[in-house]
Every structure is written in C-alpha cells, then in structure tokens.
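> Supplied in structure tokens, the structure appears directly below.
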Amino acid sequence: MCGCSKQPQDDRYPRSQGVRYFYWLIVVALVLTVLGVLFVPGADDLVEQIFQRYLGSAAR
Amino acid sequence: MISVKQIVTVVLCLLLIPVTAVVTAAVKQRFGDGPNRVFSGGALVAGELHTGSEPDWRFVSEVSTIEMQLLDPPLSRRIWVAEFNDKLYVWSGYMGTTIGRLWKRWPIQAERDGRALIRINNRRYERQLVRVESGEILDGISGAIRKKYPSQTTRAAVEAGDVWVFEAAARR
C-alpha cells in the first residue's frame, strides 16, 4: 500500500521539476525583457516598431 | 504525454514575453518628453513656445510628422500634418474600426477638449483642435493629404467617420 501511493509521486516528480524550471525560465526571460527594454539603447524603439507594424495591419 | 492544458500554458507563458516588452516600452514612453512611434509620450516640455502672429504653415510640407499633445490628458503622440489654405490640419485614420478606435483615442479626447500643444522642429505652438466633419473644404484638405502622404483619405471617408480631421487653429 505504501509503495502504491508513492509510485505516482515518483512518476510526477521529473515532470513537475521540469515545469518548475520552465516557469523560472519564463520569469528570468520576463525580467530580462523588462530590463532590456528599459536600458538597452534602441530596444524600446525596436519593440515599438514591430508593434506598430502589427497594429497597422490589424486596424485595417 | 503532454496535455492540451500544458501546451496552452506554455504558449501563454511564451506570449507573456512580447506582451511584457510592449507594455514596458509603452510605460517607458509615458515618462519621456514627447512620443516616439505609436505609444503616447509625456507632455511636450522642451522647445521654445511660439508667441506672436500666426506662422506661415506652408513650411510643414517639408515636415513628415509632428508631435502633438492634448492638455487633457497631457499625453503626446506623433502624427501626420498637412497645410491647406494657410491652415494646419491633423487627422486620424482607422476611426471606423474597433481596433482603430481603441488605438486612436486622442481624436475622441480632442473632440471633448481641443486644447493642444504641437511641437515642430523643436518649437512649440499652442493650438485649438476643431473637428471638420463635412463640407467642400474636405476636398481640398484630403487632396493636400494625398499629395503629401501615401494616403487614401477622401472627403467621403471623412464624412463617413472613417477619418477624423481637425483644424489646428490658433487658440483664443
């Protein structure tokens, strides 16, 4: 009984660890994105340029 | 086995990155002196304030865009400009679509309170935006717009409400 209840947890462990790594990766990517747009020269302009292109075609 | 829920989660998380970039760039621009491209900028601070008689607006034919700020709200944006019969005109397209009206909020705000400040070649001018909705003058204005820009603006489009045209008149 003890082994049965433990087995599924062992199966899930690698996946939940992977998900946790993925979420951390996203958090790091978001922080880097914010810092990059705020402080890398020209990054904000590039973002705006791409967004403008999308917006222009979507509004037609 | 990867479930649909996990795929949706991954896609949403990845979408967060460009969304964050856009929101950050938009917020950053709000603290700037003037706009850049699509995002509204802060109040126009730099540049000498024009006083005295009306300028000869024909010089704007050499100017591709101007910076325009409403007094309420004090946000600025970069827009096209045209001169016709010694008067200055600004306009907004896409007003006939939902996305366009969400994007271009300044025309609605300008109709409510037309007090504006424009900056051209680092010189600021106090203006009053007055909407032009119909009339023969729109033939001339839209002609001036088409002559200057690759625009499809016509009198019919303005009168249908797809394009909102404002005269940037002298403020009294």
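Residue numbering restarts at 1 in every chain; chains get A, B, ... in the order shown in the structure tokens, and ligands count up from 1 in that same order.
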I'd like the contact shell of region 35-46 of chain A - 12 Å cut-off, only C-alpha atoms, skipping same-chain residues fewer than 2 positions apart - returned as a PyMOL selection string.
(chain A and resi 28-33+48-53) or (chain B and resi 17-29+31-32+35-39)
> List the spatial neighbours of Gly96 (chain B) as a list in words - criterion: any atom at most 12 Å away, only C-alpha atoms, same-chain residues fewer than 3 positions off excluded.
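The neighbour list is Ala59 and Arg60 of chain A; Ser92, Gly93, Ile99, Gly100, Arg101, Leu102, Trp103, Lys104, Ala157, Val158, Glu159, Ala160, Gly161, Asp162, Val163 and Trp164 of chain B.
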> As JSON, numbers by chain, please: every residue in region 74-104 of chain B that DSSP puts in alpha helix (DSSP H).
{"B": [98, 99, 100, 101, 102, 103]}
> How would the residues just chosen look if you wrote them out with C-alpha atoms as an mmCIF file, in the first residue's frame?

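Here's the written file out-v3.cif:
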```cif
data_model
loop_
_atom_site.group_PDB
_atom_site.id
_atom_site.type_symbol
_atom_site.label_atom_id
_atom_site.label_comp_id
_atom_site.auth_asym_id
_atom_site.auth_seq_id
_atom_site.Cartn_x
_atom_site.Cartn_y
_atom_site.Cartn_z
ATOM 1 C CA THR B 98 -12.956 48.869 -33.329
ATOM 2 C CA ILE B 99 -9.199 48.305 -33.086
ATOM 3 C CA GLY B 100 -8.626 51.699 -34.637
ATOM 4 C CA ARG B 101 -10.848 53.430 -32.102
ATOM 5 C CA LEU B 102 -9.139 51.610 -29.251
ATOM 6 C CA TRP B 103 -5.754 52.576 -30.640
#
```
> Interatomic distance between CA of Pro55 (chain B) and CA of Gly34 (chain B)?
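Separation of CA of Pro55 (chain B) and CA of Gly34 (chain B): 22.1 Å.
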> Which residues, written as a ChimeraX atom specification, have at least one atom at most 12 Å from Glu167 (chain B), with only C-alpha atoms counted and residues fewer than 4 positions away on the same chain left out?
/B:81-92,107,110-111,114-116,127-133,137-138,141,171
> Based on the selection just made, write N, CA and C atoms of those residues as a PDB file, in the first residue's frame.

```pdb
ATOM      1  N   VAL B  81       0.718  65.676 -40.643  1.00  0.00           N
ATOM      2  CA  VAL B  81       0.189  67.045 -40.665  1.00  0.00           C
ATOM      3  C   VAL B  81       0.155  67.548 -42.101  1.00  0.00           C
ATOM      4  N   ALA B  82      -0.831  68.378 -42.383  1.00  0.00           N
ATOM      5  CA  ALA B  82      -0.908  68.963 -43.727  1.00  0.00           C
ATOM      6  C   ALA B  82      -1.367  70.409 -43.621  1.00  0.00           C
ATOM      7  N   GLU B  83      -0.957  71.175 -44.599  1.00  0.00           N
ATOM      8  CA  GLU B  83      -1.369  72.582 -44.652  1.00  0.00           C
ATOM      9  C   GLU B  83      -2.270  72.756 -45.869  1.00  0.00           C
ATOM     10  N   PHE B  84      -3.346  73.516 -45.674  1.00  0.00           N
ATOM     11  CA  PHE B  84      -4.225  73.826 -46.801  1.00  0.00           C
ATOM     12  C   PHE B  84      -4.810  75.217 -46.574  1.00  0.00           C
ATOM     13  N   ASN B  85      -4.651  76.080 -47.539  1.00  0.00           N
ATOM     14  CA  ASN B  85      -5.137  77.460 -47.439  1.00  0.00           C
ATOM     15  C   ASN B  85      -4.648  78.158 -46.165  1.00  0.00           C
ATOM     16  N   ASP B  86      -3.374  78.047 -45.902  1.00  0.00           N
ATOM     17  CA  ASP B  86      -2.745  78.696 -44.739  1.00  0.00           C
ATOM     18  C   ASP B  86      -3.253  78.178 -43.392  1.00  0.00           C
ATOM     19  N   LYS B  87      -3.906  77.049 -43.410  1.00  0.00           N
ATOM     20  CA  LYS B  87      -4.369  76.464 -42.144  1.00  0.00           C
ATOM     21  C   LYS B  87      -3.723  75.095 -41.958  1.00  0.00           C
ATOM     22  N   LEU B  88      -3.620  74.734 -40.699  1.00  0.00           N
ATOM     23  CA  LEU B  88      -2.928  73.497 -40.346  1.00  0.00           C
ATOM     24  C   LEU B  88      -3.970  72.418 -40.017  1.00  0.00           C
ATOM     25  N   TYR B  89      -3.759  71.226 -40.531  1.00  0.00           N
ATOM     26  CA  TYR B  89      -4.713  70.141 -40.282  1.00  0.00           C
ATOM     27  C   TYR B  89      -3.992  68.877 -39.793  1.00  0.00           C
ATOM     28  N   VAL B  90      -4.622  68.237 -38.847  1.00  0.00           N
ATOM     29  CA  VAL B  90      -4.171  66.923 -38.392  1.00  0.00           C
ATOM     30  C   VAL B  90      -5.362  65.984 -38.492  1.00  0.00           C
ATOM     31  N   TRP B  91      -5.119  64.708 -38.539  1.00  0.00           N
ATOM     32  CA  TRP B  91      -6.218  63.767 -38.725  1.00  0.00           C
ATOM     33  C   TRP B  91      -5.841  62.403 -38.179  1.00  0.00           C
ATOM     34  N   SER B  92      -6.857  61.585 -38.071  1.00  0.00           N
ATOM     35  CA  SER B  92      -6.647  60.221 -37.604  1.00  0.00           C
ATOM     36  C   SER B  92      -7.460  59.267 -38.458  1.00  0.00           C
ATOM     37  N   PRO B 107      -8.418  61.428 -30.898  1.00  0.00           N
ATOM     38  CA  PRO B 107      -9.461  62.214 -31.577  1.00  0.00           C
ATOM     39  C   PRO B 107     -10.715  62.382 -30.707  1.00  0.00           C
ATOM     40  N   ALA B 110      -9.821  64.836 -28.093  1.00  0.00           N
ATOM     41  CA  ALA B 110      -9.700  66.187 -28.667  1.00  0.00           C
ATOM     42  C   ALA B 110     -11.061  66.794 -28.959  1.00  0.00           C
ATOM     43  N   GLU B 111     -12.020  65.954 -29.283  1.00  0.00           N
ATOM     44  CA  GLU B 111     -13.359  66.475 -29.537  1.00  0.00           C
ATOM     45  C   GLU B 111     -13.974  67.008 -28.235  1.00  0.00           C
ATOM     46  N   GLY B 114     -10.337  70.433 -27.027  1.00  0.00           N
ATOM     47  CA  GLY B 114      -9.432  70.570 -28.170  1.00  0.00           C
ATOM     48  C   GLY B 114      -8.144  71.320 -27.905  1.00  0.00           C
ATOM     49  N   ARG B 115      -7.911  71.747 -26.680  1.00  0.00           N
ATOM     50  CA  ARG B 115      -6.662  72.490 -26.410  1.00  0.00           C
ATOM     51  C   ARG B 115      -5.463  71.565 -26.609  1.00  0.00           C
ATOM     52  N   ALA B 116      -4.558  72.024 -27.438  1.00  0.00           N
ATOM     53  CA  ALA B 116      -3.414  71.164 -27.783  1.00  0.00           C
ATOM     54  C   ALA B 116      -2.134  71.982 -27.876  1.00  0.00           C
ATOM     55  N   ARG B 127      -2.357  75.355 -29.770  1.00  0.00           N
ATOM     56  CA  ARG B 127      -3.425  75.295 -30.780  1.00  0.00           C
ATOM     57  C   ARG B 127      -4.740  74.842 -30.162  1.00  0.00           C
ATOM     58  N   GLN B 128      -5.788  75.005 -30.950  1.00  0.00           N
ATOM     59  CA  GLN B 128      -7.114  74.526 -30.565  1.00  0.00           C
ATOM     60  C   GLN B 128      -7.585  73.606 -31.684  1.00  0.00           C
ATOM     61  N   LEU B 129      -7.830  72.356 -31.365  1.00  0.00           N
ATOM     62  CA  LEU B 129      -8.260  71.414 -32.398  1.00  0.00           C
ATOM     63  C   LEU B 129      -9.772  71.521 -32.608  1.00  0.00           C
ATOM     64  N   VAL B 130     -10.136  71.782 -33.854  1.00  0.00           N
ATOM     65  CA  VAL B 130     -11.559  71.921 -34.196  1.00  0.00           C
ATOM     66  C   VAL B 130     -11.873  70.897 -35.275  1.00  0.00           C
ATOM     67  N   ARG B 131     -12.790  70.007 -34.983  1.00  0.00           N
ATOM     68  CA  ARG B 131     -13.068  68.930 -35.933  1.00  0.00           C
ATOM     69  C   ARG B 131     -13.803  69.461 -37.164  1.00  0.00           C
ATOM     70  N   VAL B 132     -13.384  68.990 -38.320  1.00  0.00           N
ATOM     71  CA  VAL B 132     -14.050  69.315 -39.586  1.00  0.00           C
ATOM     72  C   VAL B 132     -14.731  68.034 -40.053  1.00  0.00           C
ATOM     73  N   GLU B 133     -16.044  68.038 -40.036  1.00  0.00           N
ATOM     74  CA  GLU B 133     -16.770  66.794 -40.321  1.00  0.00           C
ATOM     75  C   GLU B 133     -17.328  66.720 -41.728  1.00  0.00           C
ATOM     76  N   ILE B 137     -14.609  72.015 -48.134  1.00  0.00           N
ATOM     77  CA  ILE B 137     -13.204  72.198 -47.752  1.00  0.00           C
ATOM     78  C   ILE B 137     -12.479  70.853 -47.609  1.00  0.00           C
ATOM     79  N   LEU B 138     -13.254  69.818 -47.316  1.00  0.00           N
ATOM     80  CA  LEU B 138     -12.644  68.490 -47.145  1.00  0.00           C
ATOM     81  C   LEU B 138     -12.034  67.968 -48.447  1.00  0.00           C
ATOM     82  N   ILE B 141      -8.649  69.618 -48.322  1.00  0.00           N
ATOM     83  CA  ILE B 141      -7.798  69.054 -47.254  1.00  0.00           C
ATOM     84  C   ILE B 141      -7.344  67.643 -47.621  1.00  0.00           C
ATOM     85  N   ARG B 171      -5.223  79.279 -30.748  1.00  0.00           N
ATOM     86  CA  ARG B 171      -6.016  79.224 -29.520  1.00  0.00           C
ATOM     87  C   ARG B 171      -6.341  80.639 -29.064  1.00  0.00           C
TER      88      ARG B 171
END
```
> If I take CA of Gly47 (chain B) and CA of Ile66 (chain B), how far is one from the other in Å, to one decimal?
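Interatomic distance here is 13.0 Å.
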> Name the closest residue to Asp72 (chain B) among the candidates B:Gly52, B:Gly135, B:Gly42, B:Gly140; distances are taken between atoms, counting only C-alpha atoms.
B:Gly42
